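Asks: Take a look at my_file_15.tsv, TSV, C-alpha atoms:
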```tsv
chain	number	residue	atom	x	y	z
A	1	MET	CA	103.50	108.31	116.49
A	2	THR	CA	104.40	111.68	117.98
A	3	LEU	CA	103.56	115.11	116.59
A	4	LYS	CA	107.27	115.75	115.97
A	5	GLU	CA	107.54	112.55	113.89
A	6	ILE	CA	104.48	113.52	111.84
A	7	GLN	CA	105.91	117.02	111.28
A	8	GLY	CA	109.18	115.44	110.13
A	9	ILE	CA	107.34	113.20	107.67
A	10	ILE	CA	105.42	116.19	106.29
A	11	LYS	CA	108.61	118.24	105.94
A	12	ASP	CA	110.36	115.39	104.10
A	13	PHE	CA	107.30	114.90	101.87
A	14	GLU	CA	107.20	118.60	100.95
A	15	SER	CA	110.83	118.56	99.83
A	16	SER	CA	110.50	115.30	97.88
A	17	ASN	CA	109.32	114.64	94.31
A	18	LEU	CA	106.44	112.49	95.57
A	19	THR	CA	102.91	113.70	94.83
A	20	THR	CA	101.05	111.40	97.26
A	21	LEU	CA	101.96	109.49	100.38
A	22	GLU	CA	99.84	107.18	102.51
A	23	LEU	CA	101.17	105.84	105.80
A	24	GLU	CA	99.37	103.66	108.31
A	25	THR	CA	100.93	102.58	111.57
A	26	GLY	CA	98.98	101.40	114.61
A	27	ASP	CA	96.02	103.70	115.08
A	28	VAL	CA	97.51	106.54	113.00
A	29	LYS	CA	96.64	106.90	109.32
A	30	LEU	CA	98.35	109.70	107.41
A	31	ARG	CA	97.56	110.68	103.83
A	32	LEU	CA	99.47	113.50	102.11
A	33	SER	CA	98.95	114.83	98.61
A	34	LYS	CA	100.48	117.68	96.65
A	35	LEU	CA	98.31	119.63	94.25
A	36	THR	CA	99.48	119.26	90.68
A	37	GLN	CA	97.58	122.32	89.45
A	38	PRO	CA	97.76	125.75	91.09
A	39	VAL	CA	94.70	126.76	93.07
A	40	ALA	CA	93.54	130.35	92.68
A	41	SER	CA	93.42	132.16	96.01
A	42	ALA	CA	91.11	135.03	96.85
A	43	ASN	CA	94.03	137.40	96.24
A	44	ALA	CA	95.28	135.81	93.02
A	45	PRO	CA	94.09	137.17	89.70
A	46	VAL	CA	91.70	134.85	87.93
A	47	ILE	CA	92.63	134.43	84.28
A	48	THR	CA	90.03	132.99	81.97
A	49	GLN	CA	91.80	133.33	78.62
A	50	ALA	CA	95.10	134.61	77.34
A	51	THR	CA	94.71	135.70	73.74
A	52	THR	CA	98.34	136.44	72.85
A	53	PRO	CA	101.69	134.85	73.68
A	54	ALA	CA	102.79	138.15	75.29
A	55	ALA	CA	99.73	138.10	77.58
A	56	ALA	CA	100.41	134.48	78.50
A	57	ALA	CA	104.04	135.31	79.33
A	58	ALA	CA	102.96	138.25	81.52
A	59	ILE	CA	100.54	135.97	83.39
A	60	ASP	CA	103.24	133.33	83.92
A	61	GLN	CA	105.63	136.00	85.27
A	62	ALA	CA	102.99	137.32	87.70
A	63	VAL	CA	102.35	133.81	89.05
A	64	GLU	CA	106.09	133.13	89.42
A	65	ASN	CA	106.55	136.36	91.43
A	66	ARG	CA	104.04	135.17	94.06
A	67	THR	CA	105.66	133.40	96.97
A	68	CYS	CA	104.06	131.61	99.87
A	69	VAL	CA	105.83	132.05	103.23
A	70	ALA	CA	104.89	129.82	106.16
A	71	VAL	CA	105.22	131.53	109.54
A	72	LYS	CA	106.26	128.85	112.03
A	73	SER	CA	106.24	128.81	115.80
A	74	PRO	CA	109.73	129.37	117.21
A	75	LEU	CA	108.78	127.62	120.47
A	76	VAL	CA	106.22	125.38	122.17
A	77	GLY	CA	103.41	127.32	123.79
A	78	THR	CA	99.85	128.60	123.56
A	79	PHE	CA	98.77	130.56	120.46
A	80	TYR	CA	96.87	133.80	121.02
A	81	ALA	CA	95.43	135.73	118.09
A	82	SER	CA	95.02	138.98	120.09
A	83	ALA	CA	96.59	140.78	123.04
A	84	THR	CA	93.47	140.37	125.22
A	85	PRO	CA	90.72	137.75	125.27
A	86	SER	CA	88.16	140.24	123.92
A	87	GLY	CA	90.62	142.17	121.73
A	88	GLU	CA	90.76	142.27	117.95
A	89	ALA	CA	92.98	139.69	116.25
A	90	PHE	CA	96.41	140.88	115.11
A	91	ALA	CA	96.02	139.09	111.75
A	92	LYS	CA	93.02	138.06	109.67
A	93	VAL	CA	92.79	136.14	106.40
A	94	GLY	CA	93.02	138.60	103.50
A	95	GLN	CA	94.70	141.30	105.59
A	96	ILE	CA	97.75	143.09	104.18
A	97	VAL	CA	100.65	143.03	106.64
A	98	LYS	CA	104.00	144.80	106.65
A	99	LYS	CA	107.28	143.13	107.53
A	100	GLY	CA	107.74	143.25	111.31
A	101	ALA	CA	104.01	143.60	112.11
A	102	THR	CA	102.80	141.51	115.06
A	103	LEU	CA	100.86	138.48	113.82
A	104	CYS	CA	100.14	136.66	117.08
A	105	ILE	CA	101.46	135.87	120.55
A	106	ILE	CA	102.89	132.56	121.77
A	107	GLU	CA	102.77	132.19	125.54
A	108	ALA	CA	105.44	129.98	127.06
A	109	MET	CA	106.12	129.75	130.79
A	110	LYS	CA	104.02	132.88	131.48
A	111	ILE	CA	106.07	134.90	128.98
A	112	MET	CA	104.23	136.47	126.05
A	113	ASN	CA	106.31	136.22	122.85
A	114	GLU	CA	105.15	138.37	119.94
A	115	ILE	CA	105.57	136.72	116.54
A	116	ALA	CA	106.36	139.25	113.80
A	117	ALA	CA	105.76	139.00	110.07
A	118	PRO	CA	109.01	137.94	108.37
A	119	VAL	CA	107.82	139.47	105.07
A	120	ALA	CA	105.24	141.91	103.76
A	121	GLY	CA	102.23	140.41	102.02
A	122	VAL	CA	98.67	139.18	102.43
A	123	ILE	CA	97.55	136.67	105.07
A	124	GLU	CA	96.51	133.62	103.03
A	125	ARG	CA	95.64	131.17	105.79
A	126	ILE	CA	95.65	130.86	109.59
A	127	ASP	CA	96.28	127.27	110.61
A	128	VAL	CA	95.69	127.39	114.37
A	129	LYS	CA	92.88	128.53	116.63
A	130	ASN	CA	93.05	131.00	119.51
A	131	GLY	CA	94.13	129.24	122.71
A	132	GLN	CA	95.51	126.20	120.87
A	133	VAL	CA	98.78	124.65	122.05
A	134	VAL	CA	101.38	124.75	119.27
A	135	GLY	CA	104.60	122.84	118.82
A	136	TYR	CA	108.04	124.01	117.80
A	137	ASP	CA	108.27	124.69	114.05
A	138	GLN	CA	104.50	124.23	113.59
A	139	VAL	CA	103.01	126.39	110.82
A	140	LEU	CA	100.89	129.14	112.38
A	141	LEU	CA	99.85	131.01	109.26
A	142	THR	CA	100.79	131.58	105.64
A	143	ILE	CA	101.61	134.88	103.93
A	144	HIS	CA	101.52	135.42	100.16
A	145	THR	CA	104.10	137.85	98.89
A	146	GLY	CA	104.63	139.34	95.48
A	147	ALA	CA	104.61	142.59	93.60
A	148	SER	CA	100.81	142.87	93.72
A	149	ASP	CA	100.49	141.94	97.41
A	150	ALA	CA	103.21	143.76	99.35
A	151	GLN	CA	102.11	147.35	98.96
```
Once you've parsed the file, please lay out its structure as C-alpha cells.
Replies:
Amino acid sequence: MTLKEIQGIIKDFESSNLTTLELETGDVKLRLSKLTQPVASANAPVITQATTPAAAAAIDQAVENRTCVAVKSPLVGTFYASATPSGEAFAKVGQIVKKGATLCIIEAMKIMNEIAAPVAGVIERIDVKNGQVVGYDQVLLTIHTGASDAQ
C-alpha cells in the first residue's frame, strides 16, 4: 500500500460518518478513529461548570467559533522548520501567527519554497520533523483560528 493510497483512505474516512475504521492488507495494518468528545487544547478555555443557560450558550458559541485549519504541503519535498540548520524555527506549537507568515520551507529540486499561513491563529500541532521528506497534500501543521486566537 502506497502513502498516497493511505492518504486517500484517511481523507475519505474524515469526510465519512464512520467513527472507527480498521484495515489490514498484507503487512500494513491501519486503524483510524474519530474522537466523539472534544479534547481541550492548551489554547482552549477549560470549563468546569456552567451555572446558567446563558453561560452554557456563550460557551457553546465560543467552541463553535474555533476552527482547525490543516496546512498541507503543496508539493513533494523536504520539510525545513527554519531558514538555516542552526536557525530558529519559523513556527512553534502555541505560537500566534498572522495570515501570510512563513511557517516552514519545502525544498524541491534545490528550490526553497516558503509555505505561508493561510489564516491567522495559534499553531496547534506540527506533524513533521525537520529534514523529513513530505508528500503532496500531506498535513504539515495545524492552526486553530477563532475570535480568541487570531489577535
Asks: Can you work out which one of A:Thr102, A:Ser33, A:Gln7, A:Thr84 has the shortest atom-to-atom distance to Asp137 of chain A, counting all atoms listed in the file?
Replies: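 Once distances to Asp137 of chain A are computed over all atoms listed in the file, the minimum belongs to A:Gln7.
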Asks: Atom CA of Ser15 of chain A and atom CA of Val128 of chain A, how far apart in Å?
Replies: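 Pair atom CA of Val128 of chain A / atom CA of Ser15 of chain A returns 22.8 Å.
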Asks: Rank nothing, just name the residue among A:Asn130, A:Gln138, A:Asn113, A:Ser73 nearest to Ser86 of chain A, using all atoms listed in the file.
Replies: A:Asn130
Asks: State, in Å with one decimal place, the distance from atom CA of Leu140 of chain A to atom CA of Lys92 of chain A.
Replies: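 Atom CA of Lys92 of chain A lies at a distance of 12.2 Å from atom CA of Leu140 of chain A.
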Asks: To one decimal place, how far is atom CA of Ala83 of chain A from atom CA of Ile96 of chain A in Å?
Replies: 19.0 Å
Asks: Given all atoms listed in the file as the basis, pick out the residue of A:Ala81, A:Cys68, A:Leu21, A:Leu103 nearest to Thr142 of chain A.
Replies: A:Cys68
Asks: Would you list the residues near (107.5, 135.8, 114.3), meaning any protein, DNA or RNA residue with an atom at most 9 Å from that point in file coordinates, counting only C-alpha atoms, as a PyMOL selection string?
Replies: chain A and resi 71-74+100-105+113-118
Asks: Please list, as a list in words, the residues that have an atom at most 6 Å away from (107.3, 140.0, 99.5) in the coordinates of this file, counting only C-alpha atoms.
Replies: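 Final list of nearby residues, as requested, is Val119, Ala120, Gly121, Thr145, Gly146 and Ala150 of chain A.
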Asks: Measuring atom to atom with only C-alpha atoms, identify which of A:Val76, A:Ile126, A:Gln132, A:Asp12 is nearest to Ile111 of chain A.
Replies: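 Closest residue, counting only C-alpha atoms: A:Val76.
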Asks: Under the rule that all atoms listed in the file are counted, which of A:Arg125, A:Lys4, A:Lys110, A:Lys29 is the nearest residue to Ile143 of chain A?
Replies: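 Among the listed residues, the smallest separation from Ile143 of chain A belongs to A:Arg125.
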